[in-house]
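Below: data02.pdb (PDB, C-alpha atoms)
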```
ATOM      1  CA  MET V 515      83.948 -43.916  98.335
ATOM      2  CA  SER V 516      80.268 -44.908  98.482
ATOM      3  CA  ARG V 517      79.292 -42.027  96.174
ATOM      4  CA  ARG V 518      81.824 -43.159  93.569
ATOM      5  CA  LEU V 519      80.562 -46.713  93.854
ATOM      6  CA  TYR V 520      76.952 -45.599  93.388
ATOM      7  CA  ALA V 521      77.974 -43.453  90.435
ATOM      8  CA  LEU V 522      79.792 -46.397  88.866
ATOM      9  CA  LEU V 523      76.817 -48.719  89.406
ATOM     10  CA  GLY V 524      74.462 -46.097  87.998
ATOM     11  CA  THR V 525      76.649 -45.712  84.907
ATOM     12  CA  ILE V 526      76.751 -49.468  84.353
ATOM     13  CA  VAL V 527      72.973 -49.813  84.745
ATOM     14  CA  GLY V 528      72.440 -46.853  82.395
ATOM     15  CA  LEU V 529      74.676 -48.410  79.749
ATOM     16  CA  VAL V 530      72.848 -51.729  80.026
ATOM     17  CA  PHE V 531      69.508 -50.023  79.440
ATOM     18  CA  ALA V 532      71.012 -47.950  76.604
ATOM     19  CA  LEU V 533      72.419 -50.946  74.708
ATOM     20  CA  PRO V 534      69.186 -51.775  72.807
ATOM     21  CA  LEU V 535      68.848 -48.142  71.708
ATOM     22  CA  LEU V 536      72.505 -48.014  70.678
ATOM     23  CA  TRP V 537      72.107 -51.224  68.678
ATOM     24  CA  ALA V 538      68.996 -49.833  66.968
ATOM     25  CA  LEU V 539      70.904 -46.635  66.107
ATOM     26  CA  SER V 540      73.810 -48.693  64.778
ATOM     27  CA  SER V 541      71.444 -50.864  62.728
ATOM     28  CA  SER V 542      69.837 -47.785  61.190
ATOM     29  CA  LEU V 543      73.280 -46.863  59.784
ATOM     30  CA  ARG V 544      73.798 -50.230  58.084
ATOM     31  CA  GLY V 545      72.525 -51.841  54.923
ATOM     32  CA  GLY V 546      69.722 -54.362  55.316
ATOM     33  CA  SER V 547      72.033 -57.354  54.802
ATOM     34  CA  GLU V 548      74.555 -56.138  57.398
ATOM     35  CA  ILE V 549      72.264 -55.721  60.405
ATOM     36  CA  PHE V 550      72.218 -59.277  61.798
ATOM     37  CA  ARG V 551      75.704 -60.327  60.658
ATOM     38  CA  HIS V 552      77.457 -59.523  63.945
ATOM     39  CA  ILE V 553      74.804 -60.607  66.443
ATOM     40  CA  SER V 554      75.760 -64.260  66.921
ATOM     41  CA  ARG V 555      79.294 -63.284  67.962
ATOM     42  CA  LEU V 556      79.521 -60.053  69.913
ATOM     43  CA  SER V 557      82.258 -57.627  68.957
ATOM     44  CA  TRP V 558      82.772 -53.897  68.572
ATOM     45  CA  GLU V 559      81.084 -54.143  65.145
ATOM     46  CA  THR V 560      77.859 -55.192  66.884
ATOM     47  CA  LEU V 561      77.370 -51.610  68.085
ATOM     48  CA  VAL V 562      79.633 -49.700  65.672
ATOM     49  CA  PRO V 563      79.059 -50.168  61.927
ATOM     50  CA  ALA V 564      82.279 -50.614  59.955
ATOM     51  CA  VAL V 565      80.928 -48.574  57.034
ATOM     52  CA  PRO V 566      78.079 -46.357  58.257
ATOM     53  CA  THR V 567      75.602 -45.065  55.720
ATOM     54  CA  LEU V 568      72.734 -42.567  55.782
ATOM     55  CA  GLY V 569      70.945 -44.305  52.939
ATOM     56  CA  ASN V 570      68.129 -45.530  55.168
ATOM     57  CA  TYR V 571      67.391 -42.008  56.404
ATOM     58  CA  ALA V 572      67.569 -40.606  52.873
ATOM     59  CA  SER V 573      65.001 -43.175  51.743
ATOM     60  CA  LEU V 574      62.708 -42.174  54.611
ATOM     61  CA  VAL V 575      62.854 -38.471  53.722
ATOM     62  CA  THR V 576      62.038 -39.041  50.063
ATOM     63  CA  GLY V 577      59.290 -41.593  50.771
ATOM     64  CA  ASP V 578      55.891 -41.486  52.450
ATOM     65  CA  PHE V 579      57.480 -41.627  55.908
ATOM     66  CA  GLY V 580      58.740 -38.052  55.634
ATOM     67  CA  ARG V 581      55.217 -36.784  54.979
ATOM     68  CA  ALA V 582      53.906 -38.903  57.867
ATOM     69  CA  ILE V 583      56.431 -37.297  60.250
ATOM     70  CA  LEU V 584      55.307 -33.833  59.147
ATOM     71  CA  ASN V 585      51.686 -34.889  59.718
ATOM     72  CA  SER V 586      52.573 -36.138  63.205
ATOM     73  CA  LEU V 587      54.309 -32.855  64.026
ATOM     74  CA  LEU V 588      51.342 -30.847  62.725
ATOM     75  CA  VAL V 589      48.809 -32.878  64.701
ATOM     76  CA  ALA V 590      50.895 -32.922  67.896
ATOM     77  CA  LEU V 591      51.751 -29.200  67.842
ATOM     78  CA  ALA V 592      48.169 -28.172  67.020
ATOM     79  CA  THR V 593      46.972 -30.350  69.893
ATOM     80  CA  VAL V 594      49.443 -28.697  72.271
ATOM     81  CA  ALA V 595      48.505 -25.158  71.171
ATOM     82  CA  VAL V 596      44.732 -25.597  71.383
ATOM     83  CA  GLY V 597      44.664 -28.305  74.051
ATOM     84  CA  LEU V 598      46.723 -26.254  76.496
ATOM     85  CA  LEU V 599      44.252 -23.388  76.270
ATOM     86  CA  ILE V 600      41.287 -25.703  76.844
ATOM     87  CA  SER V 601      42.973 -27.654  79.641
ATOM     88  CA  ALA V 602      44.207 -24.515  81.392
ATOM     89  CA  ALA V 603      40.750 -22.921  81.243
ATOM     90  CA  ALA V 604      39.142 -26.091  82.626
ATOM     91  CA  ALA V 605      41.757 -26.360  85.379
ATOM     92  CA  PHE V 606      41.223 -22.700  86.282
ATOM     93  CA  GLY V 607      37.490 -23.240  86.615
ATOM     94  CA  LEU V 608      38.052 -26.306  88.805
ATOM     95  CA  SER V 609      40.540 -24.575  91.105
ATOM     96  CA  ALA V 610      39.758 -20.873  91.340
ATOM     97  CA  VAL V 611      35.996 -20.655  90.853
ATOM     98  CA  ARG V 612      33.691 -22.283  93.411
ATOM     99  CA  PHE V 613      30.427 -23.768  92.142
ATOM    100  CA  ARG V 614      28.005 -26.555  93.024
ATOM    101  CA  GLY V 615      29.076 -29.980  91.773
ATOM    102  CA  GLN V 616      32.722 -29.007  91.423
ATOM    103  CA  GLY V 617      33.965 -32.118  93.205
ATOM    104  CA  ALA V 618      31.840 -34.440  91.066
ATOM    105  CA  LEU V 619      33.036 -32.748  87.881
ATOM    106  CA  PHE V 620      36.669 -33.101  88.950
ATOM    107  CA  ALA V 621      36.050 -36.788  89.703
ATOM    108  CA  ILE V 622      34.805 -37.222  86.122
ATOM    109  CA  VAL V 623      37.973 -35.539  84.832
ATOM    110  CA  VAL V 624      40.144 -37.918  86.865
ATOM    111  CA  LEU V 625      38.116 -40.898  85.691
ATOM    112  CA  SER V 626      38.503 -39.808  82.060
ATOM    113  CA  PHE V 627      42.280 -40.360  82.012
ATOM    114  CA  LEU V 628      42.078 -43.575  84.046
ATOM    115  CA  ILE V 629      40.047 -45.228  81.273
ATOM    116  CA  PRO V 630      42.333 -46.360  78.402
ATOM    117  CA  PHE V 631      41.593 -44.398  75.235
ATOM    118  CA  ASP V 632      41.701 -47.599  73.173
ATOM    119  CA  ALA V 633      38.600 -48.795  75.043
ATOM    120  CA  ILE V 634      36.492 -46.002  73.539
ATOM    121  CA  ALA V 635      38.357 -45.568  70.230
ATOM    122  CA  ILE V 636      36.078 -47.753  68.094
ATOM    123  CA  PRO V 637      32.703 -46.241  69.117
ATOM    124  CA  LEU V 638      34.270 -42.772  68.936
ATOM    125  CA  ALA V 639      35.556 -43.519  65.434
ATOM    126  CA  THR V 640      32.036 -44.526  64.385
ATOM    127  CA  LEU V 641      30.771 -41.193  65.663
ATOM    128  CA  PHE V 642      33.493 -39.322  63.771
ATOM    129  CA  ARG V 643      32.598 -41.156  60.563
ATOM    130  CA  ASP V 644      29.009 -39.994  60.960
ATOM    131  CA  TRP V 645      30.366 -36.430  61.240
ATOM    132  CA  ASP V 646      32.482 -36.883  58.059
ATOM    133  CA  LEU V 647      35.713 -36.336  59.976
ATOM    134  CA  THR V 648      37.489 -39.413  58.582
ATOM    135  CA  ASN V 649      40.780 -38.574  56.823
ATOM    136  CA  THR V 650      40.844 -35.013  58.138
ATOM    137  CA  TYR V 651      43.299 -33.264  60.398
ATOM    138  CA  ALA V 652      40.419 -32.162  62.608
ATOM    139  CA  GLY V 653      39.472 -35.798  63.169
ATOM    140  CA  LEU V 654      43.037 -36.612  64.215
ATOM    141  CA  ILE V 655      43.396 -33.600  66.524
ATOM    142  CA  LEU V 656      40.046 -33.340  68.320
ATOM    143  CA  PRO V 657      40.294 -36.389  70.672
ATOM    144  CA  GLY V 658      43.552 -35.083  72.155
ATOM    145  CA  LEU V 659      42.387 -31.574  73.024
ATOM    146  CA  GLY V 660      40.600 -32.238  76.320
ATOM    147  CA  HIS V 661      43.096 -34.507  78.076
ATOM    148  CA  GLY V 662      42.129 -35.356  81.661
ATOM    149  CA  LEU V 663      45.714 -35.785  82.873
ATOM    150  CA  ALA V 664      46.706 -32.341  81.569
ATOM    151  CA  ILE V 665      43.713 -30.793  83.337
ATOM    152  CA  PHE V 666      44.612 -32.652  86.542
ATOM    153  CA  LEU V 667      48.256 -31.479  86.474
ATOM    154  CA  LEU V 668      47.286 -27.866  85.827
ATOM    155  CA  ARG V 669      44.566 -27.864  88.498
ATOM    156  CA  GLN V 670      46.940 -29.197  91.139
ATOM    157  CA  PHE V 671      49.453 -26.495  90.257
ATOM    158  CA  PHE V 672      46.786 -23.778  90.227
ATOM    159  CA  LEU V 673      45.752 -24.760  93.760
ATOM    160  CA  ALA V 674      49.207 -23.702  94.972
ATOM    161  CA  ILE V 675      48.769 -20.115  93.720
ATOM    162  CA  PRO V 676      48.038 -17.832  96.722
ATOM    163  CA  LYS V 677      44.392 -16.831  96.948
ATOM    164  CA  ASP V 678      45.465 -13.401  98.200
ATOM    165  CA  LEU V 679      46.616 -12.529  94.682
ATOM    166  CA  VAL V 680      43.203 -13.433  93.275
ATOM    167  CA  GLU V 681      41.342 -11.496  95.953
ATOM    168  CA  ALA V 682      43.532  -8.426  95.437
ATOM    169  CA  ALA V 683      43.003  -8.580  91.681
ATOM    170  CA  ARG V 684      39.245  -8.950  92.100
ATOM    171  CA  ILE V 685      39.122  -5.954  94.464
ATOM    172  CA  ASP V 686      40.993  -3.899  91.862
ATOM    173  CA  GLY V 687      38.247  -4.731  89.362
ATOM    174  CA  LEU V 688      39.965  -7.478  87.378
ATOM    175  CA  GLY V 689      37.522 -10.005  85.929
ATOM    176  CA  TRP V 690      37.920 -13.747  85.985
ATOM    177  CA  PHE V 691      39.417 -13.772  82.490
ATOM    178  CA  GLY V 692      41.954 -11.171  83.577
ATOM    179  CA  VAL V 693      42.836 -13.222  86.655
ATOM    180  CA  PHE V 694      43.339 -16.253  84.437
ATOM    181  CA  ALA V 695      45.416 -14.458  81.787
ATOM    182  CA  ARG V 696      47.448 -12.102  84.002
ATOM    183  CA  ILE V 697      47.993 -14.111  87.179
ATOM    184  CA  TYR V 698      47.515 -17.838  86.678
ATOM    185  CA  LEU V 699      49.091 -18.344  83.269
ATOM    186  CA  PRO V 700      52.300 -16.306  83.897
ATOM    187  CA  LEU V 701      52.879 -18.092  87.219
ATOM    188  CA  SER V 702      52.250 -21.563  85.774
ATOM    189  CA  ARG V 703      54.906 -21.927  83.089
ATOM    190  CA  PRO V 704      56.362 -25.171  84.537
ATOM    191  CA  ALA V 705      52.900 -26.736  84.778
ATOM    192  CA  LEU V 706      52.023 -25.572  81.254
ATOM    193  CA  VAL V 707      55.204 -27.173  79.927
ATOM    194  CA  SER V 708      54.395 -30.410  81.761
ATOM    195  CA  ALA V 709      50.828 -30.461  80.433
ATOM    196  CA  GLY V 710      52.073 -29.577  76.945
ATOM    197  CA  LEU V 711      54.494 -32.504  76.995
ATOM    198  CA  THR V 712      51.649 -34.771  78.090
ATOM    199  CA  LEU V 713      49.503 -33.650  75.150
ATOM    200  CA  PHE V 714      52.410 -33.942  72.707
ATOM    201  CA  ILE V 715      53.400 -37.468  73.756
ATOM    202  CA  PHE V 716      49.757 -38.593  73.709
ATOM    203  CA  GLN V 717      49.385 -37.557  70.080
ATOM    204  CA  TRP V 718      52.884 -38.502  68.970
ATOM    205  CA  GLN V 719      52.677 -42.132  70.100
ATOM    206  CA  SER V 720      48.999 -42.610  69.239
ATOM    207  CA  TYR V 721      48.445 -45.645  67.015
ATOM    208  CA  VAL V 722      44.909 -47.009  67.240
ATOM    209  CA  TRP V 723      43.149 -43.678  66.620
ATOM    210  CA  PRO V 724      45.142 -42.672  63.494
ATOM    211  CA  LEU V 725      44.714 -46.227  62.234
ATOM    212  CA  LEU V 726      40.935 -45.815  62.455
ATOM    213  CA  ILE V 727      40.631 -42.213  61.241
ATOM    214  CA  GLY V 728      43.648 -41.418  59.037
ATOM    215  CA  THR V 729      43.363 -44.245  56.543
ATOM    216  CA  ASP V 730      44.662 -42.483  53.420
ATOM    217  CA  ALA V 731      48.333 -41.710  52.681
ATOM    218  CA  GLU V 732      47.788 -37.941  52.839
ATOM    219  CA  HIS V 733      46.758 -38.019  56.530
ATOM    220  CA  GLN V 734      48.904 -40.923  57.684
ATOM    221  CA  LEU V 735      50.890 -40.394  60.888
ATOM    222  CA  GLY V 736      54.366 -41.596  61.808
ATOM    223  CA  PRO V 737      53.538 -44.755  63.820
ATOM    224  CA  ILE V 738      51.201 -45.979  61.062
ATOM    225  CA  ALA V 739      53.807 -45.302  58.369
ATOM    226  CA  LEU V 740      56.394 -47.193  60.429
ATOM    227  CA  ALA V 741      54.087 -50.202  60.763
ATOM    228  CA  ASN V 742      53.409 -50.157  57.011
ATOM    229  CA  MET V 743      57.127 -50.627  56.291
ATOM    230  CA  ARG V 744      56.729 -54.297  57.068
ATOM    231  CA  GLY V 745      55.871 -55.856  53.745
ATOM    232  CA  GLN V 746      54.006 -59.101  53.244
ATOM    233  CA  PHE V 747      57.097 -61.070  52.228
ATOM    234  CA  THR V 748      60.115 -58.823  52.894
ATOM    235  CA  ILE V 749      61.120 -56.292  55.539
ATOM    236  CA  ASP V 750      63.762 -53.624  55.091
ATOM    237  CA  TYR V 751      65.120 -53.657  58.638
ATOM    238  CA  GLY V 752      67.485 -50.783  57.938
ATOM    239  CA  GLN V 753      64.636 -48.413  57.119
ATOM    240  CA  LEU V 754      62.559 -49.876  59.956
ATOM    241  CA  PHE V 755      65.263 -49.086  62.502
ATOM    242  CA  ALA V 756      65.851 -45.653  60.969
ATOM    243  CA  GLY V 757      62.143 -44.847  61.255
ATOM    244  CA  SER V 758      62.093 -46.030  64.868
ATOM    245  CA  ILE V 759      65.051 -43.792  65.696
ATOM    246  CA  VAL V 760      63.364 -40.755  64.115
ATOM    247  CA  LEU V 761      60.141 -41.381  66.052
ATOM    248  CA  THR V 762      62.167 -41.708  69.259
ATOM    249  CA  VAL V 763      64.603 -38.826  68.836
ATOM    250  CA  ILE V 764      62.043 -36.072  68.107
ATOM    251  CA  PRO V 765      60.103 -36.352  71.415
ATOM    252  CA  LEU V 766      63.378 -37.082  73.245
ATOM    253  CA  LEU V 767      64.867 -33.772  72.090
ATOM    254  CA  ILE V 768      61.720 -31.914  73.115
ATOM    255  CA  ILE V 769      61.717 -33.534  76.571
ATOM    256  CA  LEU V 770      65.418 -32.750  77.082
ATOM    257  CA  ARG V 771      64.810 -29.146  76.051
ATOM    258  CA  PHE V 772      62.022 -28.656  78.608
ATOM    259  CA  GLN V 773      63.081 -31.133  81.302
ATOM    260  CA  ARG V 774      63.931 -28.354  83.779
ATOM    261  CA  HIS V 775      60.391 -26.978  83.641
ATOM    262  CA  PHE V 776      58.944 -30.501  83.734
ATOM    263  CA  THR V 777      60.951 -31.415  86.848
ATOM    264  CA  GLN V 778      59.976 -28.160  88.538
ATOM    265  CA  SER V 779      56.324 -28.821  87.811
ATOM    266  CA  ILE V 780      56.440 -32.329  89.279
ATOM    267  CA  ALA V 781      58.293 -31.062  92.357
ATOM    268  CA  THR V 782      55.813 -28.291  93.118
ATOM    269  CA  THR V 783      52.501 -29.802  91.998
ATOM    270  CA  GLY V 784      50.023 -29.912  94.892
ATOM    271  CA  LEU V 785      52.181 -27.886  97.287
ATOM    272  CA  LYS V 786      50.670 -24.881  99.062
TER     273      LYS V 786
END
```

As structure tokens, what does this structure read like?
Amino acid sequence: MSRRLYALLGTIVGLVFALPLLWALSSSLRGGSEIFRHISRLSWETLVPAVPTLGNYASLVTGDFGRAILNSLLVALATVAVGLLISAAAAFGLSAVRFRGQGALFAIVVLSFLIPFDAIAIPLATLFRDWDLTNTYAGLILPGLGHGLAIFLLRQFFLAIPKDLVEAARIDGLGWFGVFARIYLPLSRPALVSAGLTLFIFQWQSYVWPLLIGTDAEHQLGPIALANMRGQFTIDYGQLFAGSIVLTVIPLLIILRFQRHFTQSIATTGLK
């Protein structure tokens, strides 16, 4: 009986937390004048549009927002592809190879993701302008490549790999690169997925950095395009909600696809 009660309470709490998202989804399927009509008096039409329409989404695809979403996907996926290689190599060096100052270097890595990125965004943007990286994809991608949290997650997972495997491979004549490519990477798929999700979310939800670097329409990212939907005198709330749903659903689908690996990584990180 207690399990059923807990399940019922969990369902109720989940629905309460899901109501704002459901209302936003419902609002994205309405015309601009219909969104706030049923708020003052709650009814089934508050969450279910009487005449749903995909007009808001069609306007997003044909407008600048569609290009901004493609830019966000390009930047996020490029960051994951290159950033994972850099983070995994750094984590391998901090876990498998012993050298003087290793502890101090790892402390710097930990400190790097404890400092909010927004605190260093403005001086970093000035440096990027001096390098002529403004309004370039390279300027949008580079700050996300060496992410301290991704390095930390991978290092903690690498520490759980048995040292006997490394010693046996070294005795057989395998170099450090071979140990990294043939032993560590194949055994670390859950941690790589977790670190990849970290890099993806960091770039996908980034706002301040693209606002400073990607100032033209050609290199505009999704969060900036969503903010620009708010006009000076009028706001199309239908398109605003539709854009918010698109920016939410894409990372949500990716997380749901890889949640098994992510959960496995969290459960085994740091265990020996």

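Atom pair CA of Ala582 (chain V) / CA of Asp632 (chain V): separated by 21.4 Å.
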
Suppose a student applies the PyMOL selection byres ((chain V and resi 725-737) around 9) to this structure; what residues should they get, written as number ranges by chain? V: 578-587, 589, 635-636, 639, 642-643, 647-651, 653-654, 718-724, 738-742, 757-758, 761

Which residues of region 548-641 of chain V come within 10 Å of region 691-704 of chain V, and for each one, what is the closest pair of atoms and their distance in Å to one decimal, counting all atoms listed in the file, sorted by chain and residue number, as CSV?
```
residue,atom,partner,partner_atom,distance
V:Leu599,CA,V:Leu699,CA,9.9
V:Ala602,CA,V:Leu699,CA,8.1
V:Ala603,CA,V:Phe694,CA,7.8
V:Phe606,CA,V:Phe694,CA,7.0
V:Gly607,CA,V:Phe694,CA,9.4
V:Ala610,CA,V:Phe694,CA,9.0
```

Name the residues that the PyMOL selection byres ((chain V and resi 571) around 8) pulls out of this structure, and write them as number ranges by chain. V: 542, 568-570, 572-575, 753, 756-757

Contacts of Phe716 (chain V) within 12 Å, all atoms listed in the file, excl. fewer than 4 positions in-chain, as a count of residues only: 30

So that I can check the surroundings of Leu535 (chain V), please list as a PyMOL selection string every protein, DNA and RNA residue that reaches within 12 Å of it, counting all atoms listed in the file and ignoring chain neighbours fewer than 5 positions away. chain V and resi 528-530+540-542+561+755-756+758-760+762-763

Using the chain letters and numbers from this file, what does the PyMOL selection byres ((chain V and resi 680) around 10) select? Give the answer as a PyMOL selection string. chain V and resi 610+675-679+681-686+688-690+693-694+697-698
